[in-house]
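Engineer: Next comes the structure file entry.cif, holding mmCIF, C-alpha atoms and all ligand atoms.
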data_upload
loop_
_atom_site.label_atom_id
_atom_site.label_comp_id
_atom_site.auth_asym_id
_atom_site.auth_seq_id
_atom_site.Cartn_x
_atom_site.Cartn_y
_atom_site.Cartn_z
CA MET A 1 -141.02 122.78 -210.74
CA LEU A 2 -139.94 125.91 -208.89
CA ASP A 3 -142.54 125.25 -206.20
CA LYS A 4 -141.37 121.69 -205.85
CA VAL A 5 -137.76 122.85 -205.36
CA LYS A 6 -138.85 125.41 -202.78
CA ASP A 7 -140.74 122.71 -200.87
CA LEU A 8 -137.64 120.54 -200.93
CA ILE A 9 -135.55 123.41 -199.50
CA GLY A 10 -138.07 123.61 -196.66
CA ASP A 11 -137.80 119.84 -196.07
CA VAL A 12 -134.02 120.00 -196.03
CA GLN A 13 -133.94 122.86 -193.56
CA SER A 14 -136.29 121.21 -191.13
CA PHE A 15 -134.54 117.83 -191.25
CA LYS A 16 -133.17 116.68 -187.90
CA SER A 17 -131.36 113.55 -186.89
CA THR A 18 -128.76 112.30 -184.45
CA SER A 19 -128.29 108.98 -186.16
CA LYS A 20 -125.29 108.45 -188.37
CA GLU A 21 -127.25 106.11 -190.65
CA GLU A 22 -130.13 108.54 -191.13
CA ILE A 23 -127.79 111.40 -191.97
CA GLU A 24 -126.04 109.25 -194.55
CA ALA A 25 -129.37 108.19 -196.07
CA PHE A 26 -130.34 111.87 -196.24
CA ARG A 27 -127.08 112.72 -198.00
CA ILE A 28 -127.58 109.94 -200.57
CA LYS A 29 -131.19 110.95 -201.14
CA TYR A 30 -130.28 114.55 -202.03
CA LEU A 31 -126.64 114.63 -203.03
CA GLY A 32 -125.87 111.07 -204.13
CA SER A 33 -124.91 110.26 -207.73
CA LYS A 34 -128.47 109.06 -208.36
CA GLY A 35 -129.94 111.57 -205.91
CA LEU A 36 -132.70 114.14 -206.21
CA LEU A 37 -130.40 116.99 -207.16
CA LYS A 38 -128.92 115.01 -210.02
CA GLU A 39 -132.43 114.28 -211.23
CA LEU A 40 -133.53 117.89 -210.88
CA PHE A 41 -130.51 119.27 -212.69
CA ASN A 42 -131.24 116.85 -215.54
CA GLU A 43 -134.83 118.07 -215.67
CA PHE A 44 -133.56 121.66 -215.49
CA LYS A 45 -131.90 121.20 -218.92
CA THR A 46 -135.31 120.72 -220.51
CA VAL A 47 -137.15 123.75 -219.04
CA ASP A 48 -137.93 126.86 -220.92
CA ALA A 49 -135.07 129.41 -221.02
CA SER A 50 -137.23 132.10 -219.44
CA LEU A 51 -137.59 130.02 -216.26
CA LYS A 52 -133.95 129.03 -216.02
CA LYS A 53 -132.71 132.00 -213.99
CA ASP A 54 -135.03 131.56 -211.00
CA LEU A 55 -135.01 127.80 -211.15
CA GLY A 56 -131.22 127.63 -211.40
CA GLN A 57 -130.91 129.82 -208.34
CA ALA A 58 -133.40 127.70 -206.42
CA LEU A 59 -131.58 124.50 -207.36
CA ASN A 60 -128.28 125.94 -206.19
CA ASN A 61 -129.93 126.95 -202.93
CA LEU A 62 -131.26 123.45 -202.48
CA ARG A 63 -127.84 121.91 -203.10
CA ASN A 64 -126.17 124.28 -200.63
CA ALA A 65 -128.86 123.74 -198.04
CA ALA A 66 -128.52 119.96 -198.33
CA SER A 67 -124.74 119.88 -198.12
CA ASN A 68 -124.70 122.42 -195.22
CA LYS A 69 -127.25 120.31 -193.40
CA VAL A 70 -125.20 117.14 -193.79
CA GLN A 71 -122.07 118.96 -192.58
CA GLU A 72 -123.86 120.49 -189.62
CA LEU A 73 -125.47 117.24 -188.47
CA ASN A 74 -122.22 115.29 -188.79
CA ASP A 75 -120.34 117.96 -186.81
CA SER A 76 -122.77 117.90 -183.94
CA LEU A 77 -122.72 114.12 -183.94
CA GLU A 78 -118.94 114.13 -183.62
CA ASN A 79 -119.02 116.70 -180.81
CA GLN A 80 -121.47 114.56 -178.96
CA ILE A 81 -119.30 111.48 -179.24
CA GLU A 82 -116.25 113.46 -178.14
CA SER A 83 -117.88 114.99 -175.09
CA LYS A 84 -119.35 111.64 -174.14
CA SER A 85 -115.97 110.01 -174.08
CA ILE A 86 -114.36 112.83 -172.06
CA TYR A 87 -117.11 113.69 -169.60
CA GLY A 88 -119.45 110.74 -169.81
CA ASP A 89 -123.10 111.51 -170.35
CA LEU A 90 -123.52 115.19 -169.56
CA THR A 91 -127.24 114.87 -169.23
CA ARG A 92 -127.21 112.32 -166.43
CA PRO A 93 -128.04 113.50 -162.88
CA ALA A 94 -125.07 114.54 -160.71
CA GLU A 95 -123.75 112.07 -158.19
CA PRO A 96 -124.58 113.01 -154.60
CA ILE A 97 -121.53 114.23 -152.66
CA GLU A 98 -120.95 111.95 -149.67
CA LEU A 99 -120.34 113.94 -146.51
CA GLY A 100 -117.51 112.60 -144.37
CA SER A 101 -117.56 112.44 -140.60
CA ARG A 102 -115.09 113.14 -137.83
CA HIS A 103 -113.51 110.23 -136.06
CA PRO A 104 -115.06 109.70 -132.61
CA ILE A 105 -111.64 110.23 -131.00
CA SER A 106 -111.43 113.67 -132.65
CA ILE A 107 -114.99 114.50 -131.63
CA VAL A 108 -114.31 113.70 -127.98
CA ARG A 109 -110.88 115.38 -127.99
CA ASN A 110 -112.40 118.57 -129.44
CA ARG A 111 -115.17 118.50 -126.87
CA ILE A 112 -112.68 118.14 -123.99
CA ILE A 113 -110.66 121.06 -125.39
CA GLU A 114 -113.83 123.13 -125.66
CA VAL A 115 -114.86 122.42 -122.07
CA PHE A 116 -111.47 123.33 -120.62
CA SER A 117 -110.90 126.33 -122.87
CA LYS A 118 -114.03 127.89 -121.37
CA ILE A 119 -112.21 128.07 -118.04
CA GLY A 120 -108.97 129.42 -119.43
CA PHE A 121 -106.94 126.33 -120.35
CA THR A 122 -104.72 126.53 -123.42
CA VAL A 123 -103.82 123.54 -125.60
CA SER A 124 -100.23 122.32 -125.76
CA GLU A 125 -98.51 119.45 -127.47
CA GLY A 126 -95.29 117.53 -127.17
CA PRO A 127 -93.38 114.91 -129.17
CA GLU A 128 -94.50 111.29 -129.37
CA ILE A 129 -90.88 110.14 -129.37
CA GLU A 130 -89.56 111.13 -125.96
CA ASP A 131 -86.44 110.91 -123.88
CA ASP A 132 -86.26 109.26 -120.51
CA TRP A 133 -86.13 112.59 -118.69
CA HIS A 134 -89.50 113.92 -119.86
CA ASN A 135 -91.39 110.62 -119.76
CA PHE A 136 -89.98 109.27 -116.48
CA THR A 137 -87.17 110.87 -114.53
CA ALA A 138 -88.50 114.44 -114.32
CA LEU A 139 -91.87 113.00 -113.32
CA ASN A 140 -90.32 111.57 -110.19
CA LEU A 141 -89.70 108.09 -111.55
CA PRO A 142 -85.95 107.69 -111.11
CA GLU A 143 -84.12 104.82 -112.80
CA TYR A 144 -84.89 101.42 -111.24
CA HIS A 145 -88.04 102.87 -109.68
CA PRO A 146 -90.63 100.07 -109.54
CA ALA A 147 -93.37 102.44 -110.73
CA ARG A 148 -91.78 102.38 -114.19
CA ASP A 149 -93.21 98.90 -114.57
CA MET A 150 -96.71 100.35 -114.30
CA GLN A 151 -96.37 101.27 -117.96
CA ASP A 152 -94.75 98.86 -120.37
CA THR A 153 -92.59 100.91 -122.66
CA PHE A 154 -91.61 100.67 -126.32
CA PHE A 155 -87.96 101.62 -126.44
CA ILE A 156 -86.42 103.00 -129.61
CA GLU A 157 -82.88 103.35 -128.31
CA GLN A 158 -81.23 102.49 -125.04
CA ASN A 159 -78.50 104.36 -123.20
CA PRO A 160 -79.53 107.10 -123.39
CA ASP A 161 -83.13 105.94 -123.55
CA ILE A 162 -85.33 107.17 -126.36
CA LEU A 163 -88.86 105.81 -126.28
CA LEU A 164 -92.45 106.21 -127.39
CA ARG A 165 -94.12 108.24 -124.66
CA THR A 166 -96.26 106.10 -122.39
CA HIS A 167 -98.41 109.03 -121.26
CA THR A 168 -99.02 112.69 -122.04
CA SER A 169 -97.65 113.63 -118.61
CA SER A 170 -94.36 114.15 -120.48
CA VAL A 171 -95.88 117.32 -121.98
CA GLN A 172 -96.37 118.70 -118.44
CA VAL A 173 -92.63 118.68 -117.95
CA ARG A 174 -91.91 120.25 -121.33
CA TYR A 175 -94.52 122.94 -120.76
CA MET A 176 -93.21 123.82 -117.30
CA GLU A 177 -89.65 123.99 -118.64
CA GLU A 178 -90.71 126.52 -121.23
CA ASN A 179 -93.37 128.58 -119.45
CA GLU A 180 -93.58 130.51 -116.22
CA PRO A 181 -96.57 130.10 -113.89
CA PRO A 182 -99.45 130.79 -113.89
CA ILE A 183 -99.92 127.74 -116.09
CA ARG A 184 -103.23 126.38 -117.28
CA THR A 185 -102.90 123.93 -120.11
CA ILE A 186 -104.27 120.70 -121.45
CA SER A 187 -102.24 118.41 -123.68
CA PRO A 188 -104.06 115.94 -125.89
CA GLY A 189 -102.07 113.33 -127.76
CA ARG A 190 -101.22 109.79 -128.73
CA VAL A 191 -99.49 107.45 -126.29
CA PHE A 192 -97.96 104.01 -126.68
CA ARG A 193 -97.71 100.98 -124.43
CA ASN A 194 -96.33 97.54 -124.97
CA GLU A 195 -99.56 95.81 -124.07
CA ASP A 196 -101.55 92.94 -125.49
CA ILE A 197 -104.41 94.18 -127.63
CA SER A 198 -107.88 93.28 -126.38
CA ALA A 199 -111.39 94.74 -126.25
CA ARG A 200 -110.30 96.94 -123.33
CA ALA A 201 -106.65 97.76 -124.08
CA HIS A 202 -104.62 98.81 -127.08
CA CYS A 203 -100.93 99.51 -127.63
CA ILE A 204 -101.75 102.93 -129.10
CA PHE A 205 -104.33 105.19 -127.54
CA HIS A 206 -104.99 108.83 -126.69
CA GLN A 207 -104.85 110.83 -123.51
CA VAL A 208 -105.50 114.35 -122.37
CA GLU A 209 -103.26 115.73 -119.67
CA GLY A 210 -104.22 118.74 -117.59
CA LEU A 211 -101.89 121.02 -115.63
CA TYR A 212 -102.62 124.02 -113.46
CA ILE A 213 -99.84 125.83 -111.57
CA ASP A 214 -100.18 129.06 -109.64
CA THR A 215 -99.80 130.43 -106.13
CA ASP A 216 -102.24 128.93 -103.62
CA VAL A 217 -103.68 126.20 -105.80
CA SER A 218 -105.41 123.65 -103.57
CA PHE A 219 -106.99 120.23 -103.79
CA ALA A 220 -110.38 121.97 -103.56
CA ASP A 221 -109.61 123.81 -106.83
CA LEU A 222 -108.83 120.47 -108.44
CA LYS A 223 -112.06 118.91 -107.23
CA GLN A 224 -114.13 121.86 -108.40
CA THR A 225 -112.55 121.81 -111.84
CA LEU A 226 -113.22 118.09 -112.18
CA LEU A 227 -116.81 118.55 -111.12
CA TYR A 228 -117.25 121.26 -113.74
CA PHE A 229 -115.71 118.95 -116.35
CA THR A 230 -117.91 115.94 -115.58
CA LYS A 231 -121.04 118.10 -115.62
CA GLU A 232 -120.16 119.59 -119.00
CA MET A 233 -118.91 116.39 -120.55
CA PHE A 234 -121.35 113.78 -119.27
CA GLY A 235 -124.13 115.79 -117.68
CA LYS A 236 -123.36 114.01 -114.39
CA SER A 237 -122.73 115.96 -111.24
CA LYS A 238 -121.70 113.39 -108.69
CA ILE A 239 -118.03 112.46 -108.44
CA ARG A 240 -115.80 110.88 -105.86
CA LEU A 241 -112.04 110.89 -105.43
CA ARG A 242 -110.40 107.70 -104.23
CA PRO A 243 -106.87 107.84 -102.82
CA SER A 244 -104.37 106.38 -105.23
CA TYR A 245 -100.72 106.52 -106.15
CA PHE A 246 -98.89 108.25 -108.99
CA PRO A 247 -95.21 109.12 -108.62
CA PHE A 248 -95.73 112.63 -110.03
CA THR A 249 -98.55 113.73 -107.72
CA GLU A 250 -98.91 113.86 -103.95
CA PRO A 251 -101.58 113.30 -102.82
CA SER A 252 -102.95 111.34 -105.78
CA ALA A 253 -106.48 110.23 -106.51
CA GLU A 254 -108.58 108.35 -108.97
CA VAL A 255 -111.75 110.09 -110.10
CA ASP A 256 -115.02 108.17 -110.36
CA ILE A 257 -118.27 109.57 -111.67
CA TYR A 258 -121.64 108.35 -110.60
CA TRP A 259 -123.09 106.97 -113.81
CA GLY A 260 -126.27 105.52 -112.33
CA LEU A 261 -127.86 102.10 -112.43
CA GLU A 262 -130.89 102.74 -114.59
CA THR A 263 -130.31 100.46 -117.53
CA GLU A 264 -128.87 97.04 -118.05
CA ILE A 265 -125.88 98.64 -119.75
CA ASP A 266 -125.31 100.87 -116.68
CA HIS A 267 -125.12 97.71 -114.57
CA LYS A 268 -122.74 96.11 -116.98
CA ILE A 269 -120.26 98.96 -117.40
CA THR A 270 -120.22 99.91 -113.72
CA LYS A 271 -120.07 96.27 -112.61
CA GLY A 272 -123.19 96.84 -110.57
CA THR A 273 -121.74 99.70 -108.50
CA GLY A 274 -123.05 102.69 -110.46
CA TRP A 275 -119.54 104.22 -110.35
CA LEU A 276 -117.08 104.58 -113.22
CA GLU A 277 -113.42 105.47 -113.06
CA ILE A 278 -112.54 108.18 -115.57
CA MET A 279 -109.14 109.62 -114.71
CA GLY A 280 -106.15 109.98 -112.42
CA CYS A 281 -105.21 113.23 -110.74
CA GLY A 282 -103.41 114.84 -107.85
CA MET A 283 -101.35 117.76 -106.58
CA VAL A 284 -98.13 118.08 -108.57
CA ASP A 285 -95.30 116.62 -106.50
CA PRO A 286 -92.83 119.35 -105.43
CA ASN A 287 -90.02 117.23 -106.90
CA VAL A 288 -91.63 117.53 -110.34
CA LEU A 289 -91.86 121.31 -109.99
CA LYS A 290 -88.20 121.44 -108.99
CA ASN A 291 -87.19 119.24 -111.92
CA ALA A 292 -88.84 121.74 -114.26
CA ASN A 293 -87.20 124.73 -112.51
CA ILE A 294 -90.37 125.99 -110.86
CA ASP A 295 -90.11 127.35 -107.31
CA SER A 296 -91.97 124.72 -105.28
CA GLU A 297 -92.08 127.01 -102.22
CA LYS A 298 -93.93 129.67 -104.12
CA TYR A 299 -96.11 127.61 -106.44
CA THR A 300 -98.42 124.64 -106.13
CA GLY A 301 -100.53 122.97 -108.77
CA TYR A 302 -102.69 120.10 -109.77
CA ALA A 303 -102.58 117.69 -112.67
CA PHE A 304 -104.87 115.11 -114.17
CA GLY A 305 -104.81 112.63 -116.99
CA MET A 306 -107.53 110.75 -118.80
CA GLY A 307 -107.88 108.33 -121.72
CA ILE A 308 -109.89 109.67 -124.66
CA GLU A 309 -110.91 106.21 -125.88
CA ARG A 310 -112.35 105.38 -122.49
CA ILE A 311 -114.46 108.53 -122.48
CA ALA A 312 -115.61 107.97 -126.07
CA MET A 313 -116.56 104.38 -125.21
CA LEU A 314 -118.68 105.62 -122.32
CA LEU A 315 -120.33 108.42 -124.26
CA TYR A 316 -121.17 106.37 -127.34
CA GLN A 317 -121.45 102.96 -125.68
CA ILE A 318 -118.71 101.44 -127.81
CA PRO A 319 -118.01 97.94 -126.52
CA ASP A 320 -114.56 97.31 -128.01
CA ILE A 321 -111.56 99.69 -128.16
CA ARG A 322 -110.30 98.04 -131.37
CA MET A 323 -113.23 99.56 -133.28
CA PHE A 324 -111.48 102.96 -133.15
CA TYR A 325 -108.55 101.75 -135.22
CA GLU A 326 -110.18 99.45 -137.75
CA ASN A 327 -111.66 102.38 -139.70
CA ASP A 328 -114.67 100.36 -140.78
CA VAL A 329 -116.90 102.90 -142.54
CA ARG A 330 -120.00 101.27 -141.08
CA PHE A 331 -118.66 102.26 -137.65
CA LEU A 332 -117.38 105.70 -138.65
CA GLU A 333 -120.56 106.67 -140.52
CA GLN A 334 -122.50 106.52 -137.27
CA PHE A 335 -120.77 109.70 -136.10
CA LYS A 336 -121.94 111.79 -139.06
CA SER A 337 -124.46 113.76 -137.09
CA VAL A 338 -122.02 114.61 -134.30
CA LEU A 339 -119.77 117.62 -134.74
N1 LIG B 401 -100.11 109.57 -116.52
C1 LIG B 401 -101.14 108.78 -115.89
C2 LIG B 401 -101.38 107.53 -116.71
O1 LIG B 401 -100.98 107.49 -117.85
C3 LIG B 401 -102.41 109.55 -115.77
C4 LIG B 401 -102.28 110.64 -114.78
C5 LIG B 401 -102.57 110.41 -113.45
C6 LIG B 401 -101.86 111.89 -115.16
C7 LIG B 401 -102.47 111.40 -112.53
C8 LIG B 401 -101.75 112.91 -114.23
C9 LIG B 401 -102.07 112.64 -112.92
O2 LIG B 401 -101.36 114.14 -114.54
O3 LIG B 401 -101.95 113.62 -112.00
O4 LIG B 401 -101.97 106.61 -116.22
#
Could you rewrite the structure in this file as structure tokens?
Ligand code: DAH
Structural biologist:
Amino acid sequence: MLDKVKDLIGDVQSFKSTSKEEIEAFRIKYLGSKGLLKELFNEFKTVDASLKKDLGQALNNLRNAASNKVQELNDSLENQIESKSIYGDLTRPAEPIELGSRHPISIVRNRIIEVFSKIGFTVSEGPEIEDDWHNFTALNLPEYHPARDMQDTFFIEQNPDILLRTHTSSVQVRYMEENEPPIRTISPGRVFRNEDISARAHCIFHQVEGLYIDTDVSFADLKQTLLYFTKEMFGKSKIRLRPSYFPFTEPSAEVDIYWGLETEIDHKITKGTGWLEIMGCGMVDPNVLKNANIDSEKYTGYAFGMGIERIAMLLYQIPDIRMFYENDVRFLEQFKSVL
């Protein structure tokens, strides 16, 4: 009988289960009111007194082993249920972490900053809500000047006028008011125009303004800087400057780059000419320097302004400006590989 009890202890110790039903069946088998232990203790009463000491000990061991086992298995079962409900299944494979991507406008803005910072331009910013002085008057657009109609304005308050800036040229004025020449700065930012939204135009878009003021700055310096920029940005080294008009520069020009006519898309975007307009520029009008308290006898400078959306559309061949603002992940995901 002693051997039998010892075998049973071995069975109990090696028993394993994660099923509630199996553990309960195990408990009933050993510890139940009609269980094995009950049976064995009954048998124990009939054995010879000389065997009782060892057998009694073995039976106690068996009972303890069985009840410890039941306790242990039930505990681990409970832990499992608990951790499942808090953490889910801890054994399942981890979910892959989705990498985000920068918005194409940020990518292009950062690239423009990088290109100009290599030649000593700092980055400056100004407010999106502007007063009339910084957006118009100081830039040589006095009240009732027809050129104000070139940019349809969102007004916030009238008399005195507070408005959403229509261009980043307003930052030029602020920067000149606060800094002495030499000045070399670019000002990226959001601008607002009361325009109908279409594939080519939006009422909110982004610009980068450039300003360079020093003694003896000439139109040749401007042209050279623009050439450097177009080479770095687009890998194109042919530009042309067409005479134009902006109230804040004199002379003023529009900058075209030679894009080429190799593909069907080239034909389409350049309207068959091979040339693409990318920005406005000119020599800062002496009136603007004076308005910002800079000595226009001593200093000259150039300025330029470009639309970030336009450049991004050219670089990535994006056909519709509205795609930038819809935040469709299928569009945004395509810029994952670009830094
Ligand atoms: N402010 C002009 C616009 O929004 C762009 C521009 C043209 C800026 C010529 C300049 C410049 O600084 O010199 O259309």
Engineer: Measuring atom to atom with all atoms listed in the file, identify which of A:Val288, A:Ala201, A:Ala25, A:Leu8 is nearest to Leu59 of chain A.
Structural biologist: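 Nearest to Leu59 of chain A: A:Leu8.
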Engineer: Excluding segment 159-175 of chain A and any residue of its chain fewer than 3 positions from it, enumerate the residues within 9 Å of it, using only C-alpha atoms, and give them as JSON, numbers by chain.
Structural biologist: {"A": [124, 125, 126, 127, 128, 129, 130, 131, 132, 133, 134, 135, 136, 138, 139, 151, 152, 153, 154, 155, 156, 178, 179, 180, 183, 185, 186, 187, 188, 189, 190, 191, 192, 193, 194, 206, 207, 208, 209, 210, 211, 248, 288, 289, 291, 292, 303, 304, 305]}
Engineer: If we draw a sphere of 10 Å around (-99.4, 124.6, -100.6), which residues have at least one atom in it when counting all atoms listed in the file? Please report them as an MDAnalysis selection string.
Structural biologist: chainID A and resid 215:219 283 286 296:301
Engineer: Those same residues - C-alpha atoms - I'd like them written as an mmCIF file, keeping the file's coordinate frame.
Structural biologist:
data_model
loop_
_atom_site.group_PDB
_atom_site.id
_atom_site.type_symbol
_atom_site.label_atom_id
_atom_site.label_comp_id
_atom_site.auth_asym_id
_atom_site.auth_seq_id
_atom_site.Cartn_x
_atom_site.Cartn_y
_atom_site.Cartn_z
ATOM 1 C CA THR A 215 -99.800 130.430 -106.130
ATOM 2 C CA ASP A 216 -102.240 128.930 -103.620
ATOM 3 C CA VAL A 217 -103.680 126.200 -105.800
ATOM 4 C CA SER A 218 -105.410 123.650 -103.570
ATOM 5 C CA PHE A 219 -106.990 120.230 -103.790
ATOM 6 C CA MET A 283 -101.350 117.760 -106.580
ATOM 7 C CA PRO A 286 -92.830 119.350 -105.430
ATOM 8 C CA SER A 296 -91.970 124.720 -105.280
ATOM 9 C CA GLU A 297 -92.080 127.010 -102.220
ATOM 10 C CA LYS A 298 -93.930 129.670 -104.120
ATOM 11 C CA TYR A 299 -96.110 127.610 -106.440
ATOM 12 C CA THR A 300 -98.420 124.640 -106.130
ATOM 13 C CA GLY A 301 -100.530 122.970 -108.770
#
Engineer: Write out as a list in words each polymer residue whose atoms come within 8 Å of segment 308-323 of chain A, counting only C-alpha atoms; drop sequence neighbours fewer than 4 positions from it.
Structural biologist: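 So, after excluding close chain neighbours, the residues are Pro104, Ile105, Val108, Arg109, Ile197, Ser198, Ala199, Arg200, Ala201, His202, Phe205, His206, Gln207, Val208, Phe234, Ile278, Asn327, Asp328 and Phe331 of chain A.
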Engineer: Calculated over all atoms listed in the file, which of the candidates A:Ser117, A:Ser106, A:Asn61, A:Gln334 has the smallest distance to Ile9 of chain A?
Structural biologist: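 Ranking A:Ser117, A:Ser106, A:Asn61, A:Gln334 by distance to Ile9 of chain A, first place goes to A:Asn61.
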Engineer: Using Å and a single decimal, report how far atom CA of Asp256 of chain A sits from atom CA of Lys238 of chain A.
Structural biologist: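 Those two atoms sit 8.6 Å apart.
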Engineer: Please identify all polymer residues within 10 Å of Ser101 of chain A, counting all atoms listed in the file, omitting same-chain residues fewer than 3 positions from it, and present them as a list of chain:residue names.
Structural biologist: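 My list of contacting residues is A:Glu98, A:Pro104, A:Ile107, A:Val329, A:Leu332, A:Glu333, A:Gln334, A:Phe335, A:Lys336, A:Ser337, A:Val338, A:Leu339.
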Engineer: So how far away is atom CA of Glu277 of chain A from atom CA of Pro251 of chain A, in Å?
Structural biologist: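 One can read the atom CA of Pro251 of chain A to atom CA of Glu277 of chain A distance as 17.5 Å.
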Engineer: With only C-alpha atoms and all ligand atoms as the atoms that count, which of A:Glu232, A:Glu24, A:Asp196, A:Asp149 lies nearest to ligand LIG 401 (chain B)?
Structural biologist: A:Asp149
Engineer: Figure out the distance between atom CA of Phe324 of chain A and atom C9 of ligand LIG 401 (chain B), please, to one decimal in Å.
Structural biologist: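 Rounded to one decimal, the two atoms are 24.3 Å apart.
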Engineer: Ranking A:Pro93, A:Lys6, A:Phe116, A:Thr46 by minimum distance to Asn60 of chain A and counting all atoms listed in the file, which one comes first?
Structural biologist: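 Going through A:Pro93, A:Lys6, A:Phe116, A:Thr46 one by one, the smallest distance to Asn60 of chain A is for A:Lys6.
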Engineer: N, CA and C atoms are needed for segment 199-217 of chain A; please write them out as a PDB file, in the coordinates of the input.
Structural biologist:
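Resulting contents of result_33.pdb:
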ATOM      1  N   ALA A 199    -110.223  93.846-126.134  1.00  0.00           N
ATOM      2  CA  ALA A 199    -111.390  94.740-126.250  1.00  0.00           C
ATOM      3  C   ALA A 199    -111.238  95.967-125.352  1.00  0.00           C
ATOM      4  N   ARG A 200    -110.423  95.847-124.298  1.00  0.00           N
ATOM      5  CA  ARG A 200    -110.300  96.940-123.330  1.00  0.00           C
ATOM      6  C   ARG A 200    -108.984  97.696-123.427  1.00  0.00           C
ATOM      7  N   ALA A 201    -107.969  97.116-124.064  1.00  0.00           N
ATOM      8  CA  ALA A 201    -106.650  97.760-124.080  1.00  0.00           C
ATOM      9  C   ALA A 201    -106.062  97.719-125.489  1.00  0.00           C
ATOM     10  N   HIS A 202    -105.295  98.769-125.787  1.00  0.00           N
ATOM     11  CA  HIS A 202    -104.620  98.810-127.080  1.00  0.00           C
ATOM     12  C   HIS A 202    -103.191  99.332-126.876  1.00  0.00           C
ATOM     13  N   CYS A 203    -102.309  99.039-127.815  1.00  0.00           N
ATOM     14  CA  CYS A 203    -100.930  99.510-127.630  1.00  0.00           C
ATOM     15  C   CYS A 203    -100.769 100.973-128.046  1.00  0.00           C
ATOM     16  N   ILE A 204    -101.742 101.490-128.791  1.00  0.00           N
ATOM     17  CA  ILE A 204    -101.750 102.930-129.100  1.00  0.00           C
ATOM     18  C   ILE A 204    -103.090 103.471-128.638  1.00  0.00           C
ATOM     19  N   PHE A 205    -103.055 104.535-127.887  1.00  0.00           N
ATOM     20  CA  PHE A 205    -104.330 105.190-127.540  1.00  0.00           C
ATOM     21  C   PHE A 205    -104.076 106.671-127.281  1.00  0.00           C
ATOM     22  N   HIS A 206    -105.097 107.370-126.835  1.00  0.00           N
ATOM     23  CA  HIS A 206    -104.990 108.830-126.690  1.00  0.00           C
ATOM     24  C   HIS A 206    -105.300 109.258-125.266  1.00  0.00           C
ATOM     25  N   GLN A 207    -104.586 110.280-124.843  1.00  0.00           N
ATOM     26  CA  GLN A 207    -104.850 110.830-123.510  1.00  0.00           C
ATOM     27  C   GLN A 207    -104.977 112.343-123.598  1.00  0.00           C
ATOM     28  N   VAL A 208    -105.569 112.908-122.553  1.00  0.00           N
ATOM     29  CA  VAL A 208    -105.500 114.350-122.370  1.00  0.00           C
ATOM     30  C   VAL A 208    -104.942 114.588-120.981  1.00  0.00           C
ATOM     31  N   GLU A 209    -103.901 115.400-120.935  1.00  0.00           N
ATOM     32  CA  GLU A 209    -103.260 115.730-119.670  1.00  0.00           C
ATOM     33  C   GLU A 209    -103.700 117.134-119.301  1.00  0.00           C
ATOM     34  N   GLY A 210    -103.898 117.384-118.019  1.00  0.00           N
ATOM     35  CA  GLY A 210    -104.220 118.740-117.590  1.00  0.00           C
ATOM     36  C   GLY A 210    -103.205 119.206-116.559  1.00  0.00           C
ATOM     37  N   LEU A 211    -102.872 120.481-116.597  1.00  0.00           N
ATOM     38  CA  LEU A 211    -101.890 121.020-115.630  1.00  0.00           C
ATOM     39  C   LEU A 211    -102.272 122.437-115.261  1.00  0.00           C
ATOM     40  N   TYR A 212    -102.271 122.687-113.949  1.00  0.00           N
ATOM     41  CA  TYR A 212    -102.620 124.020-113.460  1.00  0.00           C
ATOM     42  C   TYR A 212    -101.616 124.379-112.374  1.00  0.00           C
ATOM     43  N   ILE A 213    -100.842 125.419-112.572  1.00  0.00           N
ATOM     44  CA  ILE A 213     -99.840 125.830-111.570  1.00  0.00           C
ATOM     45  C   ILE A 213    -100.006 127.321-111.292  1.00  0.00           C
ATOM     46  N   ASP A 214    -100.081 127.638-110.007  1.00  0.00           N
ATOM     47  CA  ASP A 214    -100.180 129.060-109.640  1.00  0.00           C
ATOM     48  C   ASP A 214     -99.855 129.143-108.139  1.00  0.00           C
ATOM     49  N   THR A 215     -99.939 130.335-107.582  1.00  0.00           N
ATOM     50  CA  THR A 215     -99.800 130.430-106.130  1.00  0.00           C
ATOM     51  C   THR A 215    -101.129 129.987-105.520  1.00  0.00           C
ATOM     52  N   ASP A 216    -101.041 129.329-104.382  1.00  0.00           N
ATOM     53  CA  ASP A 216    -102.240 128.930-103.620  1.00  0.00           C
ATOM     54  C   ASP A 216    -103.228 128.041-104.355  1.00  0.00           C
ATOM     55  N   VAL A 217    -102.743 127.151-105.172  1.00  0.00           N
ATOM     56  CA  VAL A 217    -103.680 126.200-105.800  1.00  0.00           C
ATOM     57  C   VAL A 217    -103.884 125.049-104.808  1.00  0.00           C
TER      58      VAL A 217
END
